[in-house]
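K.L.:
Provided herewith is a single structure, encoded as structure tokens, for subsequent inquiry.
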Amino acid sequence: MKISEVKELESMAKEVRKGIIEAVYSGQSGHPGGSLSVADILTVLYFNELNIDEKNPKWEDRDRMVLSKGHCSPALYSCLANRGFFPVEDLKTFRKLDSYLQGHPDMNKIPGVDMTTGSLGQGLSSAVGMAIAGKMDKKDYRVYCVLGDGEIEEGQVWEAAMSAKKYALDNLCVIVDNNHLQIDGTIEEVMSPYPIDEKFKSFGFEIIKIDGHNMQEILDAFDVAKHIKGKPVCIIAKTIKGKGVSYMENQVGWHGKAPDEEQYKMAMDELV
């Protein structure tokens, strides 16, 4: 399933956002804000960019995608479900006892998940390892890693970034979901990682800056990234936390809180 039309991708992104709200509401737990901010990026990845096969999730030559900010699993699960890796109806079991859709992605239980994540700062190390393995095995697959902007306050991110440059991992594409908010406030108030572009550039990355809610810009960025040779790429996507649900947008309180019944209905009505 490959969607190339912007309007169709925008429509799919709405379905992905509905799945996010459905999951978090059903589980009465989860992280809607950052899931909604990354929804457009993940939609383009799963419905246009990634070379994957829902009928063969462990296909050896598939592209890999690591959601390093694993607490935003509702966005990943909604994409995987809408792509056909498992039933969309299962999103209603999110975070419930005995559900395979845990609060953080588990590669051993969930079809389509390439790496178990959730301990922030570690996903890029895993992605670097995958990219190195691809080079060693002479494989053509690409590796994508989505980081939160608060997450890049973690030191391990920069150790991994150094390795990506050292091994000239031009099969690695990092995406920073720059929604400017984390659990305790703005990223500037907590521990400012700005300027993000200059930091990654100093670590040897090619930098691409985009509006993370503009489908055409996202498509173009991934296309450019594939043609960069000799070094890794970092796409810095300016986003809005809670994007698509008016009362959640730019509200730090919705980092990790489930909507009540009235709020759930409001959100679903807005996403029609």
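Identifiers in this document derive from the order of the structure tokens: chains are assigned A, B, ..., residues are numbered from 1 separately in each chain, and ligands are numbered from 1 in order of occurrence.
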Could you give me, as a JSON list (two decimals) with N, CA and C atoms, in the first residue's frame, the residues within 8 Å of region 102-116 of chain A, counting only C-alpha atoms and dropping anything in the same chain fewer than 6 positions from it?
P.N.:
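Now in selection.json:
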[["chain", "number", "residue", "atom", "x", "y", "z"],
["A", 30, "GLY", "N", -1.98, 6.90, 28.68],
["A", 30, "GLY", "CA", -1.17, 7.04, 27.47],
["A", 30, "GLY", "C", -0.74, 8.47, 27.24],
["A", 54, "GLU", "N", 3.27, -5.92, 5.23],
["A", 54, "GLU", "CA", 2.45, -6.28, 6.38],
["A", 54, "GLU", "C", 2.19, -7.78, 6.47],
["A", 57, "PRO", "N", 6.11, -9.32, 8.33],
["A", 57, "PRO", "CA", 6.69, -8.27, 9.16],
["A", 57, "PRO", "C", 8.19, -8.41, 9.42],
["A", 58, "LYS", "N", 8.70, -9.63, 9.37],
["A", 58, "LYS", "CA", 10.12, -9.85, 9.65],
["A", 58, "LYS", "C", 10.95, -10.01, 8.37],
["A", 64, "ARG", "N", 13.75, -0.39, 8.20],
["A", 64, "ARG", "CA", 13.52, -0.42, 9.65],
["A", 64, "ARG", "C", 13.07, 0.94, 10.16],
["A", 65, "MET", "N", 12.19, 0.94, 11.17],
["A", 65, "MET", "CA", 11.74, 2.19, 11.77],
["A", 65, "MET", "C", 11.76, 2.03, 13.29],
["A", 66, "VAL", "N", 12.54, 2.88, 13.95],
["A", 66, "VAL", "CA", 12.65, 2.84, 15.40],
["A", 66, "VAL", "C", 11.98, 4.08, 15.99],
["A", 67, "LEU", "N", 10.92, 3.86, 16.76],
["A", 67, "LEU", "CA", 10.27, 4.97, 17.45],
["A", 67, "LEU", "C", 10.97, 5.11, 18.80],
["A", 70, "GLY", "N", 9.31, 6.05, 22.65],
["A", 70, "GLY", "CA", 8.38, 4.92, 22.67],
["A", 70, "GLY", "C", 7.08, 5.16, 23.40],
["A", 71, "HIS", "N", 7.02, 6.18, 24.27],
["A", 71, "HIS", "CA", 5.77, 6.47, 24.95],
["A", 71, "HIS", "C", 4.70, 6.96, 23.98],
["A", 72, "CYS", "N", 5.11, 7.36, 22.78],
["A", 72, "CYS", "CA", 4.14, 7.78, 21.76],
["A", 72, "CYS", "C", 3.71, 6.61, 20.90],
["A", 73, "SER", "N", 3.66, 5.45, 21.51],
["A", 73, "SER", "CA", 3.25, 4.22, 20.82],
["A", 73, "SER", "C", 1.86, 4.29, 20.18],
["A", 80, "LEU", "N", 0.40, 1.12, 12.18],
["A", 80, "LEU", "CA", 0.55, -0.31, 11.89],
["A", 80, "LEU", "C", -0.82, -0.96, 11.67],
["A", 85, "PHE", "N", -1.10, -4.52, 9.69],
["A", 85, "PHE", "CA", -0.28, -5.45, 10.48],
["A", 85, "PHE", "C", -1.10, -6.17, 11.54],
["A", 86, "PHE", "N", -2.16, -5.52, 12.02],
["A", 86, "PHE", "CA", -3.10, -6.15, 12.96],
["A", 86, "PHE", "C", -4.41, -5.37, 12.90],
["A", 94, "PHE", "N", -5.61, -1.15, 24.02],
["A", 94, "PHE", "CA", -4.37, -0.48, 24.40],
["A", 94, "PHE", "C", -4.23, -0.35, 25.92],
["A", 95, "ARG", "N", -3.09, -0.81, 26.42],
["A", 95, "ARG", "CA", -2.71, -0.72, 27.83],
["A", 95, "ARG", "C", -3.63, -1.50, 28.77],
["A", 96, "LYS", "N", -4.43, -2.39, 28.24],
["A", 96, "LYS", "CA", -5.28, -3.21, 29.09],
["A", 96, "LYS", "C", -4.58, -4.52, 29.43],
["A", 123, "GLY", "N", 16.96, 4.68, 21.50],
["A", 123, "GLY", "CA", 16.53, 4.23, 20.18],
["A", 123, "GLY", "C", 17.53, 4.50, 19.07],
["A", 126, "SER", "N", 20.15, 1.83, 18.80],
["A", 126, "SER", "CA", 19.63, 0.65, 18.11],
["A", 126, "SER", "C", 19.59, 0.86, 16.61]]
K.L.:
Run DSSP on the backbone and give me the residues of region 21-152 of chain A it puts in strand (DSSP E), as an MDAnalysis selection string.
P.N.:
chainID A and resid 64:67 143:148
K.L.:
Based on the selection just made, write N, CA and C atoms of those residues as a compact mmCIF listing (two decimals), in the first residue's frame.
P.N.:
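Contents of selection_39.txt, freshly written:
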# COMPACT_ATOMS: atom_id res chain seq x y z
N ARG A 64 13.75 -0.39 8.20
CA ARG A 64 13.52 -0.42 9.65
C ARG A 64 13.07 0.94 10.16
N MET A 65 12.19 0.94 11.17
CA MET A 65 11.74 2.19 11.77
C MET A 65 11.76 2.03 13.29
N VAL A 66 12.54 2.88 13.95
CA VAL A 66 12.65 2.84 15.40
C VAL A 66 11.98 4.08 15.99
N LEU A 67 10.92 3.86 16.76
CA LEU A 67 10.27 4.97 17.45
C LEU A 67 10.97 5.11 18.80
N VAL A 143 17.19 2.81 7.41
CA VAL A 143 16.79 2.82 8.81
C VAL A 143 16.33 4.22 9.19
N TYR A 144 15.16 4.31 9.79
CA TYR A 144 14.59 5.59 10.22
C TYR A 144 14.43 5.56 11.73
N CYS A 145 14.73 6.68 12.37
CA CYS A 145 14.62 6.76 13.83
C CYS A 145 13.96 8.07 14.21
N VAL A 146 12.86 7.99 14.95
CA VAL A 146 12.13 9.18 15.39
C VAL A 146 12.47 9.48 16.84
N LEU A 147 12.99 10.69 17.06
CA LEU A 147 13.37 11.16 18.38
C LEU A 147 12.47 12.31 18.82
N GLY A 148 12.22 12.40 20.12
CA GLY A 148 11.54 13.58 20.65
C GLY A 148 12.56 14.67 20.91
K.L.:
Pick out the closest residue to Ile236 (chain A) from this set: A:Ile187, A:Val157, A:Met130, A:Ile175. Count only C-alpha atoms.
P.N.:
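Of the candidates, the smallest distance to Ile236 (chain A) is held by A:Ile175.
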K.L.:
From a DSSP calculation on the backbone, collect every residue of region 40-246 of chain A in alpha helix (DSSP H) and output the set as a ChimeraX atom specification.
P.N.:
/A:40-44,73-83,123-136,155-166,187-191,196-202,215-226
K.L.:
Identify, on the basis of only C-alpha atoms, every residue whose closest approach to region 266-271 of chain A does not exceed 10 Å; exclude the query and any residue fewer than 4 positions from it along the same chain; express the result as a PyMOL selection string.
P.N.:
chain A and resi 11+13-19+21-22+244-248+259-262
K.L.:
Identify, on the basis of only C-alpha atoms, every residue whose closest approach to Phe203 (chain A) does not exceed 7 Å; exclude the query and any residue fewer than 3 positions from it along the same chain; express the result as a list of chain:residue names.
P.N.:
A:Ala161, A:Met162, A:Lys165, A:Lys199, A:Phe200
